[in-house]
Structures are given as structure tokens and as C-alpha cells.
Amino acid sequence: MALWGGRFTQGPDQRFKDFNDSLKFDYRMAVEDIEGSMAWARAICKAGVLTEAELKALEQALAELKAEAEESLSAIAGAGDEDIHSYVERRLIEKTGDLGKKLHTGRSRNDQVALDLKLWCRKACEQLLTAITHLERELVKTAKVHSEDIFPGYTHLQRAQPVTFGHWVMAYAQMFERDYQRLSNTYKLIKDTCPLGSAALAGTAYNIDRDALAQELGFERGSANSLDAVSDRDHVMELLGIAAISMVHLSRLAEDLIIYNSGEAHFVELSDTVTSGSSLMPQKKNPDALELIRGKCGRVIGALNGMLVTMKALPMAYDKDLQEDKERLFDAVDTWHDCLEMAALVFEGLKLNRHEALEAAKGGYSNATELADYLVGKGVPFREAHGLVGRAVLYAISKHKALEDLSVDEFEQFYKGVGGDVYDALELHHLINKRSVKGGTAPAQVQAEIAALEHKLSSRA
Ligand code: ARG
């Protein structure tokens with residue numbers, strides 16, 4: 001049964017109905033739709049549309065519908081109604097007869113869907129904030145264990161300078177912490193204004209205290225402009241924007257670990273629990289969890305793009321184009337949530353191959369900057385030291401030696417003032433410990449960074 005048959009002489013073509021109906025995906029907002037309907041029933045009761053007894057009966061029936069929806073949400077998807085609003089109203093009328101037909105007084109599906117989606121986004125934010133926190137906790141745990149373990153640091157995918165593995169892990173923890181803060185800001189903004197009472201576009205004609213209604217639904221206040229409120233999907237764009245940014249972080253993390261786990265690097269070993277085998281090659285253990293995280297980043301960025309394009313040039317106020325907001329939002333939120341959980345699972349079982357990582361950090365002349373700094377200490381201007389060390393590296397390469405394997409005599413070919421103290425300077429732990437500036441890779445510094453983030457995380461559920 002459609003909500004709007006009166007002015008029509010013909011029913012919809014089945015093909016149009018299939019094209020137009022949204023219940024197959026917006027059933028996911030059933031609980032939100034019912035919660036909004038309960039608040040609306042109370043508001044129109046105060047406005048004199050319903051008696052107290054009628055309100056009670058509607059509340060009772062809505063509570064039953066809510067329990068049903070919570071019990072088996074997906075069963076609603078195939079009910080055949082146009083959308084979740086039509087479904088809830090039909091079921092309410094089945095339960096309460098003509099009384100149920102009063103609920104929609106002064107309300108439109110335009111403010112209704114705007115409210116439902118905002119409520120859905122609010123719950124999604126809460127779940128996502130928990131998932132980000134869980135991942136951050138796993139990262140902190142790993143970083144703590146490895147705050148002193150030496151690892152090759154890269155720029156341009158060329159070995160650059162050694163870092164600690166904990167330092168690398170915490171780089172990602174910082175990214176996810178910013179995602180957390182970004183999402184918290186959006187959450188606050190979502191909770192600021194409630195669209196209910198905006199009706200179709202011009203505001204309801206009934207005497208509703210919209211601020212009180214908003215507060216009952218957990219918002220700060222009623223929205224200030226009804227035209228804006230029924231077509232505002234900023235929160236969808238924001239959520240997708242943050243999802244896209246966070247998926248980029250997850251994808252970078254995945255890419256790094258895929259490289260570090262490769263047979264060529266073998267700096268880390270992924271657990272059997274997050275890898276899979278090949279149907280043909282018995283020796284393989286593929287990093288599927290990470291590859292899927294990297295791959296799924298594309299669909300979330302696609303969802304953001306799609307939403308932005310849908311909103312662009314949308315005439316004021318509500319247009320059916322807006323129905324296109326949900327599938328991509330639901331998919332992006334599900335995907336992001338799954339990827340956060342999967343990344344946490346990867347870290348639970350991640351093993352660092354300390355020896356391989358240390359050997360790799362030693363290779364590639366990644367202590368060359370140290371030699372230059374050593375020469376600076378002997379009074380050589382840095383630019384000149386840079387050139388001298390470059391030549392020393394070239395020489396060492398030709399001898400198949402590391403810098404620390406050159407003799408003092410060999411060093412003296414490049415600069416006379418090199419002494420036996422050069423070997424301490426080239427030693428990796430020394431090099432790491434020297435970088436104790438705030439944000440640097442020295443273990444003490446990384447431990448301070450870990451403690452600061454741990455402190456933030458400790459106040460979260
Ligand atoms: N299914 C619609 C949506 O998702 C609900 C709002 C319908 N409003 C309307 N005026 N046809 O946007």
C-alpha cells in the first residue's frame with residue numbers, strides 16, 4: 001500500500017516500483033524511524049492532535065514494532081512497501097486501526113527521512129569511534145613491545161635512516177587518533193540540530209516546541225531553517241569524507257605491511273589467522289586481509305565521490321536524488337568498520353623478525369647522515385661533509401663493505417681528522433638514541449609518545 005494514492009488513477013508500473021522503492025536498503029533505519037515516530041506522537045499529543053489515551057495506544061504499538069525490528073531487522077527488507085516510513089505506518093495501522101492514520105499529522109517523509117538518517121549516522125559514529133579506539137589500543141600494545149627494536153626507515157622506498165619499529169607503529173596510531181578526533185567533531189555537529197518539524201519544506205503548521213522535541217531525541221536544538229533541514233546531507237558527506245581519509249590511512253598501513261611481510265623483506269610475519277593459501281602453490285601464504293583493506297579503500301573513496309556529485313546542483317529543497325545517499329553510506333560505513341576491525345586483528349598476531357629488520361637497517365648505508373654529522377662535529381661545514389660522505393659511500397660500495405667496516409686509514413682518504421671515535425657514531429643504537437627531540441625515533445621519545453596516547457585512550461570506553 002502506497003502512502004499517496006489519492007490523486008492517482010493508475011497504480012505504478014511494476015518496473016517503476018522496483019526502481020523507486022527504497023525499503024530493500026532503508027529497512028536498516030527501522031529502529032530510528034520508530035524512535036522518531038514515538039517522539040513525534042508525543043509532540044502532536046502536546047499540540048492537541050492526540051488524546052493521552054490515543055498516545056498511549058500508539059506508543060504501545062510502536063514499542064512492539066521496535067522490538068520486532070530489533071529482533072530481525074533484515075526480515076523487513078522484503079515486505080514490499082515503498083520505503084521504511086511506509087512500512088512502519090502500514091504496520092502501525094494494522095495494529096491500531098484508524099488511530100494509526102493520525103500519526104503522520106503535520107509530518108512529511110522529508111523531515112522524517114532526514115531525522116532517521118541523522119539518528120542512523122549518530123549510532124554509526126558511536127560504533128566507529130569504538131572501532132577506531134580498539135585499533136589504536138592494538139597499535140599502542142605493539143608499539144610498547146617494540147619501542148627499542150631497530151627497523152629500516154624509508155623515504156622513496158629507499159632505505160633512509162633507521163627508526164624503531166615502535167616509532168613506525170605509532171605513526172599510524174597518530175593517523176587513527178586524528179580520525180577519531182575528526183569523527184568526534186562530526187558526531188558533535190550531527191547532534192547539534194534536529195530536522196523533525198520541518199515537514200515537507202516549509203515547517204509544520206502544528207504548534208510543536210521543536211527545541212523540546214529535538215532534546216527528547218538527543219539533539220541540542222531544532223534546526224533553524226526548514227528548507228535547509230530537509231535537504232541537508234552534510235553529515236553524510238562528512239562521514240564519507242572521514243571514512244575516505246581513514247581508509248587511505250588503513251590502505252597505507254596495509255601496503256607497508258605487505259611490503260614488510262614479503263619474502264624479499266621478511267621484516268614481519270603475519271599470523272596464519274589473517275592470511276590465506278593458494279589453490280595451486282602449496283608454499284604460499286598470502287596477505288589477503290591487508291590486500292582487501294587496500295582494495296576496499298577504492299569503494300569508500302567512490303562513495304564519497306558519488307555523494308558529492310549527487311549533492312552538486314541539487315535544487316532546493318528535497319528531491320528524490322537524496323534517496324541515493326543511503327546505499328553508499330551504509331556500504332562505506334560497513335566497509336570502514338570491517339577494515340578497522342581487520343587491521344586490529346592483523347596487529348594482534350603480528351610478529352616482528354628482529355634480526356632481519358636490524359640487518360636491513362644496517363644495510364643501505366643508512367648511517368651515512370651520521371658520518372656527515374660526525375664530520376660536522378670535527379668542524380667540517382655540512383654541505384662539504386655531505387660531499388665527502390657521498391664519496392666514502394661510493395668507495396664502500398666498490399669494496400662491498402658497510403661504512404662501519406672501513407678502517408680509519410680508509411676514512412682518512414676522505415678526511416684527515418677521522419679517528420677511532422667514528423665507529424661509535426656509526427653504531428645504530430647510538431644513532432637512534434640521538435634522535436630524542438620531541439617526535440623523534442629515540443626509544444625514550446617513542447615511549448613518551450605511547451604514554452601520551454595511552455592516557456587519552458584510557459578515558460574511552
Ligand atoms: N525513500 C525516500 C528517501 O530515501 C524517503 C523520502 C521520500 N520523500 C518524498 N517526498 N518522496 O529519500
# chains A, B, ... in the order shown; residues from 1 in each chain; ligands from 1

call {"tool": "closest_atom_pairs", "arguments": {"of": "chain A", "to": "ligand 1", "cutoff": "8 Å", "atoms": "only C-alpha atoms and all ligand atoms", "output": "tab-separated table"}}
result
residue	atom	partner	partner_atom_place_in_ligand_line	distance
A:Asp21	CA	ligand 1	1 (N)	7.0
A:Ser22	CA	ligand 1	1 (N)	5.4
A:Leu23	CA	ligand 1	1 (N)	7.5
A:Asp26	CA	ligand 1	4 (O)	7.1
A:Glu82	CA	ligand 1	1 (N)	7.4
A:Asp83	CA	ligand 1	1 (N)	5.3
A:Ile84	CA	ligand 1	1 (N)	7.4
A:His85	CA	ligand 1	5 (C)	7.3
A:Ser108	CA	ligand 1	8 (N)	7.4
A:Arg109	CA	ligand 1	6 (C)	4.8
A:Asn110	CA	ligand 1	8 (N)	4.9
A:Gln112	CA	ligand 1	6 (C)	7.5
A:Val113	CA	ligand 1	5 (C)	5.5
A:Ala114	CA	ligand 1	12 (O)	7.9
A:Ala200	CA	ligand 1	10 (N)	7.3
A:Tyr318	CA	ligand 1	10 (N)	6.9
A:Asp319	CA	ligand 1	10 (N)	7.0
A:Lys320	CA	ligand 1	12 (O)	5.7
A:Asp321	CA	ligand 1	12 (O)	7.4
A:Leu322	CA	ligand 1	12 (O)	5.2
A:Gln323	CA	ligand 1	4 (O)	3.6
A:Glu324	CA	ligand 1	4 (O)	7.1
A:Asp325	CA	ligand 1	4 (O)	7.6
A:Lys326	CA	ligand 1	4 (O)	7.2

call {"tool": "residues_around", "arguments": {"residues": "Ser226 (chain A)", "least_positions_apart": "6", "cutoff": "6 Å", "atoms": "only C-alpha atoms", "output": "list of chain:residue names"}}
result
A:Ser198, A:Leu201, A:Ala202, A:Gly203

call {"tool": "residues_around", "arguments": {"residues": "Ala444 (chain A)", "least_positions_apart": "5", "cutoff": "12 Å", "atoms": "only C-alpha atoms", "output": "MDAnalysis selection string"}}
result
chainID A and resid 144 146:148 164 166:167 432:439 449:451

call {"tool": "closest_residue", "arguments": {"among": "A:Thr51, A:Asn207, A:Thr186, A:Thr275", "to": "Glu238 (chain A)", "atoms": "only C-alpha atoms"}}
result
A:Thr186

call {"tool": "closest_residue", "arguments": {"among": "A:Arg328, A:Asn305, A:Ile93, A:Ala39", "to": "Gly197 (chain A)", "atoms": "only C-alpha atoms"}}
result
A:Ala39

call {"tool": "residues_around", "arguments": {"residues": "Glu136 (chain A)", "least_positions_apart": "4", "cutoff": "8 Å", "atoms": "only C-alpha atoms", "output": "MDAnalysis selection string"}}
result
chainID A and resid 132 140 173 176:177

call {"tool": "write_last_selection", "arguments": {"atoms": "C-alpha atoms", "output": "JSON list (two decimals), in the first residue's frame"}}
result
[["chain", "number", "residue", "atom", "x", "y", "z"],
["A", 132, "ILE", "CA", 38.99, 3.24, 15.96],
["A", 140, "VAL", "CA", 49.85, 1.04, 21.22],
["A", 173, "ALA", "CA", 48.37, 5.40, 15.71],
["A", 176, "PHE", "CA", 43.90, 6.99, 13.57],
["A", 177, "GLU", "CA", 43.84, 9.34, 16.54]]

call {"tool": "closest_residue", "arguments": {"among": "A:Gly5, A:Pro443, A:Gly97, A:Gly11", "to": "Asp149 (chain A)", "atoms": "only C-alpha atoms"}}
result
A:Pro443

call {"tool": "residues_around", "arguments": {"residues": "Lys401 (chain A)", "least_positions_apart": "6", "cutoff": "10 Å", "atoms": "only C-alpha atoms", "output": "PyMOL selection string"}}
result
chain A and resi 363+365+393+395
